[in-house]
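**Student:** File follows, my_file.cif with mmCIF, C-alpha atoms:
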```cif
data_target
#
loop_
_atom_site.label_atom_id
_atom_site.label_comp_id
_atom_site.auth_asym_id
_atom_site.auth_seq_id
_atom_site.Cartn_x
_atom_site.Cartn_y
_atom_site.Cartn_z
CA MET A 1458 -39.75 12.11 -251.96
CA THR A 1459 -37.90 9.25 -250.33
CA SER A 1460 -39.89 6.27 -249.08
CA PRO A 1461 -38.79 3.79 -246.42
CA GLN A 1462 -38.21 1.22 -249.19
CA SER A 1463 -35.44 3.39 -250.64
CA ASP A 1464 -33.12 2.87 -247.64
CA PRO A 1465 -29.65 1.54 -248.53
CA ALA A 1466 -29.76 -2.19 -249.23
CA PRO A 1467 -26.91 -3.20 -246.89
CA GLN A 1468 -28.80 -2.05 -243.77
CA PRO A 1469 -31.13 -5.07 -243.28
CA PRO A 1470 -28.33 -7.64 -243.59
CA GLN A 1471 -26.28 -5.65 -241.07
CA GLY A 1472 -29.13 -5.75 -238.60
CA HIS A 1473 -29.54 -9.48 -239.21
CA THR A 1474 -25.85 -10.10 -238.66
CA HIS A 1475 -25.90 -8.20 -235.39
CA ALA A 1476 -28.84 -10.18 -234.04
CA HIS A 1477 -27.19 -13.44 -235.08
CA THR A 1478 -24.03 -12.47 -233.24
CA HIS A 1479 -25.89 -11.82 -230.00
CA SER A 1480 -27.72 -15.10 -230.17
CA HIS A 1481 -24.40 -16.94 -229.92
CA GLY A 1482 -22.42 -14.82 -227.50
CA PRO A 1483 -22.83 -12.27 -224.72
CA ALA A 1484 -21.81 -9.11 -226.61
CA ALA A 1485 -22.44 -5.80 -224.84
CA PRO A 1486 -25.25 -3.77 -226.43
CA VAL A 1487 -24.57 -0.59 -224.46
CA SER A 1488 -22.86 2.65 -225.21
CA ARG A 1489 -19.34 3.53 -224.16
CA HIS A 1490 -20.68 5.94 -221.55
CA LEU A 1491 -22.75 3.24 -219.83
CA ARG A 1492 -19.79 0.87 -219.86
CA LYS A 1493 -17.78 3.56 -218.08
CA VAL A 1494 -20.49 3.91 -215.45
CA ILE A 1495 -20.54 0.15 -214.85
CA ALA A 1496 -16.74 0.08 -214.69
CA ALA A 1497 -16.81 2.91 -212.13
CA VAL A 1498 -18.86 0.62 -209.87
CA LEU A 1499 -17.11 -2.69 -210.49
CA ILE A 1500 -13.46 -1.62 -210.57
CA PRO A 1501 -13.47 -0.31 -206.97
CA PHE A 1502 -15.37 -3.46 -205.92
CA ALA A 1503 -12.87 -5.77 -207.63
CA THR A 1504 -10.01 -3.75 -206.13
CA ALA A 1505 -11.51 -4.13 -202.67
CA VAL A 1506 -11.80 -7.90 -203.20
CA VAL A 1507 -8.13 -8.15 -204.21
CA VAL A 1508 -7.09 -6.06 -201.19
CA GLY A 1509 -9.20 -8.30 -198.94
CA LEU A 1510 -7.59 -11.44 -200.37
CA ILE A 1511 -4.14 -10.01 -199.70
CA ALA A 1512 -5.02 -8.75 -196.20
CA PHE A 1513 -6.64 -12.00 -195.04
CA TRP A 1514 -4.48 -14.46 -196.97
CA PRO A 1515 -3.78 -17.23 -194.44
CA GLY A 1516 -0.58 -18.76 -195.78
CA GLY A 1517 -1.66 -22.33 -195.03
CA VAL A 1518 -3.58 -24.38 -192.48
CA PRO A 1519 -2.30 -23.97 -188.89
CA ASP A 1520 -0.65 -27.04 -187.35
CA HIS A 1521 -2.24 -28.94 -184.49
CA GLU A 1522 -1.66 -32.17 -182.58
CA ARG A 1523 -3.66 -35.09 -183.96
CA THR A 1524 -6.50 -36.18 -181.68
CA GLY A 1525 -7.25 -39.47 -183.45
CA VAL A 1526 -10.97 -38.64 -183.38
CA GLY A 1527 -13.25 -38.58 -186.41
CA PHE A 1528 -11.58 -37.09 -189.47
CA ASP A 1529 -8.63 -35.90 -187.37
CA ARG A 1530 -6.69 -39.15 -187.76
CA GLN A 1531 -3.58 -40.22 -189.59
CA THR A 1532 -4.68 -42.36 -192.51
CA GLN A 1533 -2.99 -44.48 -195.17
CA ASP A 1534 -4.11 -46.57 -198.10
CA GLY A 1535 -4.58 -50.31 -197.68
CA LYS A 1536 -5.73 -53.41 -199.55
CA VAL A 1537 -7.68 -56.50 -198.49
CA VAL A 1538 -5.44 -59.45 -199.35
CA GLN A 1539 -7.47 -62.26 -197.77
CA VAL A 1540 -10.93 -62.84 -196.27
CA VAL A 1541 -11.70 -65.98 -194.25
CA LYS A 1542 -15.10 -66.90 -192.80
CA VAL A 1543 -14.96 -67.88 -189.11
CA ASP A 1544 -17.41 -68.49 -186.29
CA CYS A 1545 -18.09 -65.28 -184.42
CA ALA A 1546 -17.81 -67.14 -181.11
CA ASP A 1547 -14.11 -67.83 -181.85
CA VAL A 1548 -13.20 -64.17 -182.48
CA ASN A 1549 -15.61 -62.54 -179.99
CA ALA A 1550 -14.64 -64.64 -176.97
CA ALA A 1551 -14.03 -61.61 -174.77
CA GLN A 1552 -17.54 -60.23 -175.18
CA VAL A 1553 -20.41 -60.72 -172.75
CA PRO A 1554 -22.50 -63.79 -173.70
CA PRO A 1555 -25.90 -62.89 -175.14
CA THR A 1556 -29.08 -63.44 -173.11
CA GLY A 1557 -30.93 -64.83 -176.13
CA ASP A 1558 -33.37 -61.93 -176.17
CA THR A 1559 -33.70 -60.83 -179.82
CA SER A 1560 -36.60 -58.43 -179.30
CA THR A 1561 -34.26 -55.44 -179.20
CA PRO A 1562 -31.55 -54.27 -181.67
CA ALA A 1563 -28.88 -54.65 -178.98
CA GLY A 1564 -30.02 -58.20 -178.24
CA ARG A 1565 -30.03 -59.23 -181.90
CA GLU A 1566 -26.56 -57.75 -182.35
CA ALA A 1567 -25.21 -59.64 -179.31
CA VAL A 1568 -26.62 -62.95 -180.60
CA ASN A 1569 -25.14 -62.39 -184.07
CA GLU A 1570 -21.74 -61.60 -182.58
CA GLN A 1571 -21.74 -64.96 -180.80
CA GLU A 1572 -23.67 -67.31 -183.11
CA GLY A 1573 -23.21 -65.77 -186.57
CA GLU A 1574 -20.43 -66.10 -189.16
CA CYS A 1575 -17.85 -63.32 -189.11
CA ALA A 1576 -15.24 -62.33 -191.70
CA LYS A 1577 -11.58 -62.32 -190.71
CA ALA A 1578 -9.83 -60.00 -193.18
CA THR A 1579 -6.09 -59.58 -193.64
CA ILE A 1580 -5.22 -56.01 -194.62
CA GLU A 1581 -1.93 -54.81 -196.12
CA VAL A 1582 -0.85 -51.19 -195.77
CA THR A 1583 0.08 -49.87 -199.25
CA SER A 1584 1.34 -46.35 -198.44
CA GLY A 1585 3.37 -44.52 -195.83
CA GLU A 1586 6.31 -45.62 -193.73
CA ASP A 1587 4.71 -48.96 -192.81
CA LYS A 1588 4.03 -49.96 -196.44
CA GLY A 1589 3.78 -53.76 -196.63
CA ARG A 1590 2.75 -54.20 -193.01
CA ARG A 1591 -0.27 -56.49 -192.45
CA PHE A 1592 -2.93 -56.62 -189.76
CA VAL A 1593 -6.18 -58.49 -189.14
CA GLU A 1594 -9.63 -56.90 -189.10
CA VAL A 1595 -12.71 -58.80 -187.87
CA VAL A 1596 -15.96 -57.81 -189.57
CA GLN A 1597 -19.19 -58.63 -187.74
CA PRO A 1598 -22.04 -60.23 -189.76
CA ASP A 1599 -24.36 -57.23 -189.23
CA ALA A 1600 -21.70 -54.59 -190.03
CA PRO A 1601 -22.88 -52.12 -192.73
CA ARG A 1602 -19.58 -52.44 -194.59
CA GLN A 1603 -18.36 -55.92 -195.56
CA LEU A 1604 -14.86 -56.46 -196.95
CA LYS A 1605 -13.82 -58.58 -199.94
CA GLU A 1606 -10.48 -59.68 -201.36
CA GLY A 1607 -8.70 -57.15 -203.56
CA GLN A 1608 -10.73 -54.25 -202.24
CA GLY A 1609 -8.97 -50.96 -201.55
CA VAL A 1610 -9.53 -49.51 -198.09
CA VAL A 1611 -8.53 -46.54 -195.96
CA VAL A 1612 -6.77 -47.44 -192.72
CA ALA A 1613 -6.31 -45.25 -189.65
CA TYR A 1614 -3.00 -45.21 -187.76
CA ALA A 1615 -2.87 -44.73 -183.98
CA PRO A 1616 0.82 -44.43 -183.01
CA ASP A 1617 0.14 -44.53 -179.25
CA ALA A 1618 -1.81 -47.82 -179.36
CA PRO A 1619 -0.26 -51.29 -178.91
CA ARG A 1620 1.45 -52.49 -182.08
CA ASP A 1621 -1.25 -55.05 -182.94
CA LEU A 1622 -3.95 -52.38 -182.61
CA GLN A 1623 -2.25 -49.46 -184.32
CA TYR A 1624 -4.04 -49.95 -187.65
CA SER A 1625 -7.74 -50.33 -188.32
CA VAL A 1626 -10.00 -50.05 -191.37
CA THR A 1627 -12.04 -46.83 -191.38
CA ASP A 1628 -13.50 -46.70 -194.87
CA VAL A 1629 -13.46 -48.05 -198.41
CA ASN A 1630 -11.14 -46.45 -200.99
CA ARG A 1631 -13.41 -44.79 -203.56
CA LYS A 1632 -10.80 -42.82 -205.50
CA VAL A 1633 -11.16 -44.74 -208.78
CA PRO A 1634 -14.97 -44.51 -209.20
CA MET A 1635 -14.96 -40.90 -208.00
CA ALA A 1636 -12.21 -39.95 -210.46
CA LEU A 1637 -14.01 -41.76 -213.29
CA LEU A 1638 -17.28 -39.97 -212.50
CA ALA A 1639 -15.46 -36.62 -212.45
CA GLY A 1640 -13.92 -37.44 -215.82
CA ILE A 1641 -17.32 -38.30 -217.32
CA PHE A 1642 -18.71 -35.03 -215.95
CA ALA A 1643 -15.86 -32.98 -217.44
CA LEU A 1644 -16.19 -34.75 -220.79
CA ALA A 1645 -19.95 -34.13 -220.91
CA VAL A 1646 -19.47 -30.44 -220.08
CA VAL A 1647 -16.84 -29.99 -222.80
CA LEU A 1648 -18.77 -31.95 -225.46
CA VAL A 1649 -21.98 -30.00 -224.90
CA GLY A 1650 -20.57 -26.62 -223.90
CA ARG A 1651 -17.44 -26.67 -226.08
CA MET A 1652 -15.27 -23.62 -225.31
CA ARG A 1653 -17.84 -22.27 -222.89
CA GLY A 1654 -17.77 -25.65 -221.13
CA VAL A 1655 -13.98 -25.53 -220.90
CA MET A 1656 -14.16 -22.10 -219.30
CA ALA A 1657 -16.82 -23.35 -216.90
CA LEU A 1658 -14.47 -26.13 -215.77
CA VAL A 1659 -11.64 -23.64 -215.35
CA ALA A 1660 -13.94 -21.41 -213.29
CA LEU A 1661 -14.89 -24.44 -211.19
CA ALA A 1662 -11.21 -25.12 -210.53
CA VAL A 1663 -10.71 -21.48 -209.52
CA SER A 1664 -13.68 -21.74 -207.14
CA PHE A 1665 -12.22 -24.82 -205.44
CA ALA A 1666 -8.82 -23.09 -205.24
CA VAL A 1667 -10.32 -20.05 -203.49
CA LEU A 1668 -12.25 -22.32 -201.14
CA THR A 1669 -9.33 -24.57 -200.18
CA LEU A 1670 -6.47 -22.07 -200.32
CA PHE A 1671 -8.19 -18.99 -198.88
CA ILE A 1672 -11.59 -19.45 -197.23
CA LEU A 1673 -10.97 -22.61 -195.18
CA PRO A 1674 -7.40 -21.82 -193.99
CA ALA A 1675 -8.31 -18.20 -193.19
CA ILE A 1676 -11.20 -19.35 -190.98
CA LEU A 1677 -8.91 -21.85 -189.24
CA GLN A 1678 -6.38 -19.06 -188.67
CA GLY A 1679 -9.03 -17.22 -186.64
CA SER A 1680 -10.27 -14.64 -189.16
CA ASN A 1681 -13.91 -13.61 -189.03
CA PRO A 1682 -15.81 -16.29 -191.01
CA LEU A 1683 -18.36 -13.78 -192.36
CA VAL A 1684 -15.71 -11.39 -193.68
CA VAL A 1685 -13.71 -14.25 -195.18
CA ALA A 1686 -16.83 -15.73 -196.81
CA VAL A 1687 -17.83 -12.37 -198.33
CA ILE A 1688 -14.34 -11.79 -199.75
CA GLY A 1689 -13.96 -15.35 -201.00
CA SER A 1690 -17.47 -15.49 -202.48
CA SER A 1691 -16.89 -12.18 -204.25
CA ALA A 1692 -13.65 -13.49 -205.74
CA ILE A 1693 -15.38 -16.69 -206.89
CA MET A 1694 -18.26 -14.67 -208.34
CA LEU A 1695 -16.00 -12.34 -210.33
CA ALA A 1696 -13.84 -15.17 -211.67
CA ALA A 1697 -16.71 -17.52 -212.51
CA LEU A 1698 -19.03 -15.03 -214.17
CA TYR A 1699 -16.43 -13.22 -216.26
CA MET A 1700 -14.63 -16.41 -217.28
CA CYS A 1701 -17.84 -18.17 -218.29
CA HIS A 1702 -19.74 -15.27 -219.84
CA GLY A 1703 -17.10 -12.82 -220.98
CA VAL A 1704 -16.09 -9.34 -219.85
CA THR A 1705 -19.22 -7.54 -221.06
CA ALA A 1706 -21.80 -5.13 -219.72
CA ARG A 1707 -24.29 -7.99 -219.57
CA THR A 1708 -22.04 -9.97 -217.24
CA SER A 1709 -21.30 -6.86 -215.18
CA VAL A 1710 -25.00 -6.28 -214.54
CA ALA A 1711 -25.30 -9.91 -213.38
CA VAL A 1712 -22.32 -9.37 -211.06
CA ILE A 1713 -23.92 -6.28 -209.51
CA GLY A 1714 -27.24 -8.11 -209.07
CA THR A 1715 -25.47 -11.06 -207.43
CA LEU A 1716 -23.54 -8.76 -205.11
CA ILE A 1717 -26.69 -6.96 -203.92
CA SER A 1718 -28.42 -10.30 -203.30
CA LEU A 1719 -25.42 -11.65 -201.36
CA LEU A 1720 -25.45 -8.57 -199.14
CA LEU A 1721 -29.14 -9.14 -198.44
CA ILE A 1722 -28.49 -12.80 -197.60
CA GLY A 1723 -25.65 -11.79 -195.27
CA LEU A 1724 -27.82 -9.26 -193.42
CA LEU A 1725 -30.81 -11.60 -193.06
CA GLY A 1726 -28.60 -14.53 -192.10
CA SER A 1727 -26.79 -12.54 -189.44
CA LEU A 1728 -30.09 -11.27 -188.00
CA PHE A 1729 -31.94 -14.58 -187.82
CA ILE A 1730 -28.99 -16.79 -186.81
CA GLY A 1731 -28.45 -14.48 -183.85
CA TRP A 1732 -32.16 -14.14 -183.08
CA ALA A 1733 -32.75 -17.89 -183.20
CA SER A 1734 -29.64 -18.50 -181.04
CA LEU A 1735 -28.11 -20.94 -183.52
CA SER A 1736 -24.66 -21.92 -182.28
CA GLY A 1737 -23.50 -23.73 -185.41
CA ASN A 1738 -22.14 -26.52 -183.19
CA THR A 1739 -24.66 -29.31 -183.72
CA ASP A 1740 -22.84 -32.54 -184.57
CA ASP A 1741 -19.61 -34.45 -184.00
CA ASN A 1742 -17.78 -32.73 -186.84
CA THR A 1743 -18.55 -29.17 -185.74
CA GLY A 1744 -17.84 -30.21 -182.15
CA LEU A 1745 -14.43 -31.51 -183.22
CA ILE A 1746 -13.68 -28.27 -185.08
CA HIS A 1747 -14.62 -26.24 -182.02
CA GLY A 1748 -12.48 -28.46 -179.82
CA LEU A 1749 -9.42 -28.16 -182.06
CA TYR A 1750 -9.87 -24.44 -182.77
CA PRO A 1751 -11.89 -22.89 -179.92
CA ASP A 1752 -11.39 -19.36 -181.26
CA ILE A 1753 -13.51 -20.04 -184.36
CA ASP A 1754 -16.90 -18.34 -184.28
CA MET A 1755 -19.16 -21.30 -185.05
CA SER A 1756 -22.27 -19.20 -185.64
CA GLY A 1757 -20.22 -17.06 -188.02
CA LEU A 1758 -19.12 -20.26 -189.73
CA LEU A 1759 -22.78 -21.19 -190.18
CA LEU A 1760 -23.48 -17.80 -191.76
CA ALA A 1761 -20.47 -18.18 -194.05
CA GLY A 1762 -21.87 -21.50 -195.21
CA VAL A 1763 -25.23 -19.87 -196.00
CA ILE A 1764 -23.53 -17.22 -198.16
CA ILE A 1765 -21.26 -19.65 -200.02
CA GLY A 1766 -24.08 -22.15 -200.52
CA SER A 1767 -26.37 -19.50 -202.02
CA LEU A 1768 -23.75 -18.14 -204.42
CA GLY A 1769 -23.94 -20.92 -206.98
CA VAL A 1770 -27.70 -20.67 -207.45
CA LEU A 1771 -27.56 -16.86 -207.39
CA ASP A 1772 -25.15 -16.87 -210.33
CA ASP A 1773 -27.60 -18.91 -212.34
CA VAL A 1774 -30.56 -16.66 -211.57
CA THR A 1775 -28.83 -13.34 -212.21
CA VAL A 1776 -27.18 -14.44 -215.46
CA THR A 1777 -30.44 -15.88 -216.75
CA GLN A 1778 -32.45 -12.76 -215.93
CA THR A 1779 -29.85 -10.45 -217.42
CA SER A 1780 -29.66 -12.51 -220.61
CA ALA A 1781 -33.46 -12.56 -220.87
CA VAL A 1782 -33.66 -8.76 -220.68
CA TRP A 1783 -30.84 -8.40 -223.24
CA GLU A 1784 -32.58 -10.72 -225.68
CA LEU A 1785 -35.90 -8.94 -225.20
CA HIS A 1786 -34.17 -5.68 -226.04
CA GLN A 1787 -32.61 -7.24 -229.13
CA ALA A 1788 -36.02 -8.52 -230.26
CA ASP A 1789 -37.68 -5.12 -229.73
CA PRO A 1790 -35.16 -2.24 -229.43
CA GLU A 1791 -38.01 0.27 -228.98
CA MET A 1792 -39.29 -1.40 -225.80
CA GLY A 1793 -38.86 0.93 -222.82
CA TRP A 1794 -37.67 0.26 -219.30
CA LYS A 1795 -41.12 -0.64 -217.95
CA GLY A 1796 -41.85 -3.02 -220.81
CA LEU A 1797 -38.49 -4.74 -220.44
CA TYR A 1798 -38.92 -5.03 -216.69
CA ARG A 1799 -42.44 -6.48 -216.92
CA ALA A 1800 -41.42 -9.02 -219.57
CA GLY A 1801 -38.30 -9.98 -217.59
CA ILE A 1802 -40.27 -10.40 -214.37
CA ARG A 1803 -42.71 -12.74 -216.12
CA ILE A 1804 -39.75 -14.93 -217.03
CA GLY A 1805 -38.34 -14.56 -213.54
CA ARG A 1806 -41.50 -15.82 -211.84
CA ASP A 1807 -41.06 -19.23 -213.44
CA HIS A 1808 -37.40 -19.19 -212.47
CA ILE A 1809 -38.22 -18.32 -208.86
CA ALA A 1810 -40.65 -21.22 -208.52
CA SER A 1811 -38.18 -23.79 -209.81
CA VAL A 1812 -35.14 -22.45 -207.93
CA VAL A 1813 -36.85 -22.22 -204.54
CA ASN A 1814 -38.18 -25.76 -204.92
CA THR A 1815 -34.67 -26.89 -205.87
CA LEU A 1816 -33.15 -25.36 -202.74
CA VAL A 1817 -35.74 -26.83 -200.38
CA LEU A 1818 -35.44 -30.31 -201.88
CA ALA A 1819 -31.63 -30.12 -201.85
CA TYR A 1820 -31.54 -29.34 -198.13
CA ALA A 1821 -34.29 -31.86 -197.36
CA GLY A 1822 -32.36 -34.54 -199.24
CA ALA A 1823 -29.19 -33.77 -197.30
CA ALA A 1824 -31.07 -33.98 -193.99
CA LEU A 1825 -33.15 -37.04 -194.91
CA PRO A 1826 -31.58 -39.43 -192.34
CA LEU A 1827 -32.20 -36.86 -189.62
CA LEU A 1828 -35.80 -36.39 -190.71
CA LEU A 1829 -36.26 -40.17 -190.66
CA LEU A 1830 -35.08 -40.27 -187.05
CA PHE A 1831 -37.67 -37.67 -186.09
CA SER A 1832 -40.34 -39.67 -187.91
CA ILE A 1833 -39.34 -42.82 -186.03
CA ALA A 1834 -39.59 -40.91 -182.77
CA GLN A 1835 -43.05 -39.65 -183.87
CA SER A 1836 -42.11 -36.10 -183.01
CA SER A 1837 -44.48 -33.26 -183.91
CA VAL A 1838 -43.64 -30.82 -186.69
CA GLY A 1839 -43.14 -28.06 -184.12
CA THR A 1840 -40.71 -30.16 -182.11
CA VAL A 1841 -38.73 -31.11 -185.20
CA ALA A 1842 -38.55 -27.53 -186.48
CA ASN A 1843 -37.50 -26.23 -183.08
CA SER A 1844 -34.49 -28.54 -182.75
CA GLU A 1845 -31.25 -26.76 -183.59
CA LEU A 1846 -30.23 -29.31 -186.23
CA VAL A 1847 -33.40 -28.74 -188.25
CA ALA A 1848 -33.67 -25.04 -187.39
CA GLU A 1849 -30.25 -24.47 -188.96
CA GLU A 1850 -31.41 -26.01 -192.23
CA ILE A 1851 -34.67 -24.06 -192.14
CA VAL A 1852 -32.88 -20.75 -191.61
CA ARG A 1853 -30.31 -21.66 -194.25
CA THR A 1854 -33.02 -22.54 -196.76
CA LEU A 1855 -35.30 -19.58 -196.12
CA VAL A 1856 -32.55 -16.96 -196.00
CA GLY A 1857 -31.04 -18.27 -199.21
CA SER A 1858 -34.46 -18.44 -200.86
CA ILE A 1859 -35.28 -14.85 -199.90
CA GLY A 1860 -32.01 -13.72 -201.46
CA LEU A 1861 -32.79 -15.68 -204.61
CA VAL A 1862 -36.30 -14.27 -204.88
CA ALA A 1863 -34.98 -10.74 -204.36
CA SER A 1864 -32.29 -11.22 -207.00
CA VAL A 1865 -34.91 -11.54 -209.76
CA PRO A 1866 -36.47 -8.03 -209.52
CA VAL A 1867 -33.14 -6.46 -208.59
CA THR A 1868 -31.22 -7.92 -211.52
CA THR A 1869 -34.10 -7.52 -213.95
CA GLY A 1870 -34.49 -3.86 -212.99
CA LEU A 1871 -30.77 -3.18 -213.35
CA ALA A 1872 -30.60 -4.90 -216.74
CA ALA A 1873 -33.71 -3.06 -218.00
CA LEU A 1874 -32.30 0.29 -216.88
CA VAL A 1875 -28.96 -0.35 -218.58
CA VAL A 1876 -30.26 -1.50 -221.97
CA SER A 1877 -33.12 1.02 -222.12
CA ALA A 1878 -30.76 3.88 -221.32
CA ASP A 1879 -28.70 3.01 -224.40
CA ARG A 1880 -30.17 4.61 -227.49
CA THR A 1881 -27.01 5.17 -229.50
CA GLY A 1882 -26.23 1.68 -230.73
CA PRO A 1883 -25.34 -1.85 -229.88
CA ASP A 1884 -21.76 -1.37 -228.82
CA GLY A 1885 -18.88 1.09 -228.85
CA ALA A 1886 -17.57 1.42 -232.40
CA GLN A 1887 -20.79 0.37 -234.11
CA ALA A 1888 -22.73 2.92 -232.09
CA ALA A 1889 -20.63 5.77 -233.38
CA THR A 1890 -21.22 4.85 -237.02
CA ALA A 1891 -24.74 3.46 -236.81
CA ALA A 1892 -26.29 6.44 -235.02
CA PRO A 1893 -25.83 8.96 -237.91
CA ALA A 1894 -27.24 6.44 -240.39
CA ARG A 1895 -30.35 5.91 -238.30
CA THR A 1896 -30.69 9.65 -237.74
CA GLY A 1897 -30.42 10.23 -241.47
CA ARG A 1898 -33.05 7.63 -242.21
CA GLY A 1899 -35.24 9.17 -239.56
CA ARG A 1900 -34.91 12.58 -241.26
CA ARG A 1901 -35.72 11.11 -244.68
CA ARG A 1902 -38.80 9.40 -243.34
CA LYS A 1903 -39.91 12.53 -241.58
CA THR A 1904 -39.44 14.70 -244.68
CA GLY A 1905 -41.24 12.10 -246.75
#
```
Let me see the file written as structure tokens.
**Tutor:**
Amino acid sequence: MTSPQSDPAPQPPQGHTHAHTHSHGPAAPVSRHLRKVIAAVLIPFATAVVVGLIAFWPGGVPDHERTGVGFDRQTQDGKVVQVVKVDCADVNAAQVPPTGDTSTPAGREAVNEQEGECAKATIEVTSGEDKGRRFVEVVQPDAPRQLKEGQGVVVAYAPDAPRDLQYSVTDVNRKVPMALLAGIFALAVVLVGRMRGVMALVALAVSFAVLTLFILPAILQGSNPLVVAVIGSSAIMLAALYMCHGVTARTSVAVIGTLISLLLIGLLGSLFIGWASLSGNTDDNTGLIHGLYPDIDMSGLLLAGVIIGSLGVLDDVTVTQTSAVWELHQADPEMGWKGLYRAGIRIGRDHIASVVNTLVLAYAGAALPLLLLFSIAQSSVGTVANSELVAEEIVRTLVGSIGLVASVPVTTGLAALVVSADRTGPDGAQAATAAPARTGRGRRRKTG
């Protein structure tokens, strides 16, 4: 009679080694048959994405005549070489004298422009054909941006203006602090994430490449923004997930869950953007885009932004839920589909609460100046919500949140089905050799 204690000694260490491996990397604990089923779904999808990229590839941003408005200006780098304090009355002589009434913002500004101390800055152009050319910029005392010597600035060039007025300061040059912050971010990611962090940075670069080389130029070329966003988001999703998490069944389940959620977001977004009559043309920037490229569907552009904006958070949710189900299966291989799903959903509920709150606060933070204006005007909540500017953010937030909430049960169910359907072994080659050993042990226990 053979007891369970008489099993071959190497078996427990093998099981321990397998569990240790999965705790450090996303190996695929599914049979070869299930991997073939997943591949049968994902390969046609990936092929369709590649075909879409080729079919809609724009080949660059279309040319247009500069308007000199907003961001559509010719700009060069500049440097403040000298700042001299002068009386505002000497440099604002052409302005209407103030009435002395300082009870209004306009009155206070007029008084400051006549009685305050202004800054007379000499700016030198440091790039372009006019490199070395200097011009004078007068900065009012109440201007939000004050200039100082040695400061880098961005200057706008208006070729049709009189020579003395062709250049003007439009912004401060922030390239150095921005580059330093990006370097600190990359260093932190690599130090903490190591090779996985490196791959995450590479995936981030790929995402920016798809956005700047495909999505934006294709929309400017007149392609349907929704179609372009779906193709581009799918390409970003495939590259980011597989590069960061490996080409495994676990990652593939996360990809499928993300895809289903994106489709839901696209359908809901299309329905409610149309139903709420959101034009997508709500500020100076979107108005300028529409003026330069009148053929662009601005409401479609709004929907494309909803899809792309939701993708990053969706990736996080689907990967986390899939990994949770995989680890639950590793901890208890005998747990069935229902048990895995229930345990995964319990984890997902906490994830849903935090992610939805994150989305709402992110959009509220971005629209904070606008919300302050409504507060100043003492507008009612209904009035604020009904305005198109706020309604866009509400629809964007709610549609994205619905997709995120739906991604939890969808992805958890898919992952539970995949891992519970596998009863032959952890992965391909091991499954073939491990199954007979377990069957043999099962027979010995049964006969005992």
**Student:** Spell out the residues picked by the PyMOL selection byres ((chain A and resi 1804) around 10) here, as a ChimeraX atom specification.
**Tutor:** /A:1777-1778,1781-1782,1798-1803,1805-1809,1865,1869
**Student:** Taking only C-alpha atoms into account, which of A:Ile1753, A:Val1774, A:Val1582, A:Leu1698 comes nearest Pro1866 (chain A)?
**Tutor:** A:Val1774
**Student:** Using only C-alpha atoms, which residue out of A:Val1537, A:Val1763, A:Ala1711, A:Ala1546 lies closest to Val1629 (chain A)?
**Tutor:** A:Val1537
**Student:** Quote the spacing between CA of Cys1545 (chain A) and CA of Arg1591 (chain A) in Å to one decimal place.
**Tutor:**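 Interatomic distance here is 21.4 Å.
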**Student:** Mind giving me the straight-line distance from CA of Ala1576 (chain A) to CA of Val1595 (chain A) in Å, one decimal?
**Tutor:**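 Value for the CA of Ala1576 (chain A)-CA of Val1595 (chain A) distance: 5.8 Å.
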**Student:** One decimal, Å: what's the distance from CA of Val1548 (chain A) over to CA of Ala1578 (chain A), could you say?
**Tutor:** 12.0 Å
**Student:** With a distance cut-off of 9 Å and all atoms listed in the file, select the neighbouring residues of Arg1590 (chain A), excluding the residue or stretch itself and same-chain residues fewer than 3 positions from it, and output the selection as a VMD selection string.
**Tutor:** chain A and resid 1580 to 1583 1587
**Student:** Since I can't run it myself right now, could you work out what the PyMOL selection byres ((chain A and resi 1726-1728) around 8) selects here and report it as an NGL selection string?
**Tutor:** :A and (1722-1725 or 1729-1732 or 1760 or 1763 or 1852-1853 or 1856)
**Student:** Can you translate the PyMOL selection byres ((chain A and resi 1791-1794) around 6) into the concrete residues it hits in this file, as a PDB file with C-alpha atoms, in the coordinates of the input?
**Tutor:**
```pdb
ATOM      1  CA  ASP A1789     -37.680  -5.120-229.730  1.00  0.00           C
ATOM      2  CA  PRO A1790     -35.160  -2.240-229.430  1.00  0.00           C
ATOM      3  CA  LYS A1795     -41.120  -0.640-217.950  1.00  0.00           C
ATOM      4  CA  GLY A1796     -41.850  -3.020-220.810  1.00  0.00           C
ATOM      5  CA  LEU A1797     -38.490  -4.740-220.440  1.00  0.00           C
ATOM      6  CA  ALA A1873     -33.710  -3.060-218.000  1.00  0.00           C
ATOM      7  CA  LEU A1874     -32.300   0.290-216.880  1.00  0.00           C
ATOM      8  CA  SER A1877     -33.120   1.020-222.120  1.00  0.00           C
TER       9      SER A1877
END
```
**Student:** Using all atoms listed in the file, which of the listed residues (A:Val1687, A:Leu1622, A:Val1663, A:Ala1697) sits closest to Leu1510 (chain A)?
**Tutor:**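 Comparing A:Val1687, A:Leu1622, A:Val1663, A:Ala1697 against Leu1510 (chain A), the winner is A:Val1687.
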**Student:** Fewer than 6 positions away in the same chain doesn't count, so skip those; otherwise give me all residues within 10 Å of Pro1751 (chain A), counting only C-alpha atoms, as a VMD selection string.
**Tutor:** chain A and resid 1677 1679 1744 to 1745
**Student:** Please determine, counting only C-alpha atoms, which residue among A:Thr1779, A:Asn1681, A:Ser1767, A:Ser1734 has the shortest atom-to-atom distance to Asn1843 (chain A).
**Tutor:**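 Checking each candidate against Asn1843 (chain A), we get A:Ser1734 as the closest.
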**Student:** Would you kindly identify which residues have an atom no farther than 10 Å from (-22.0, -23.7, -178.6), using all atoms listed in the file and the file's own coordinates, and write them out as a count of residues only?
**Tutor:** 12
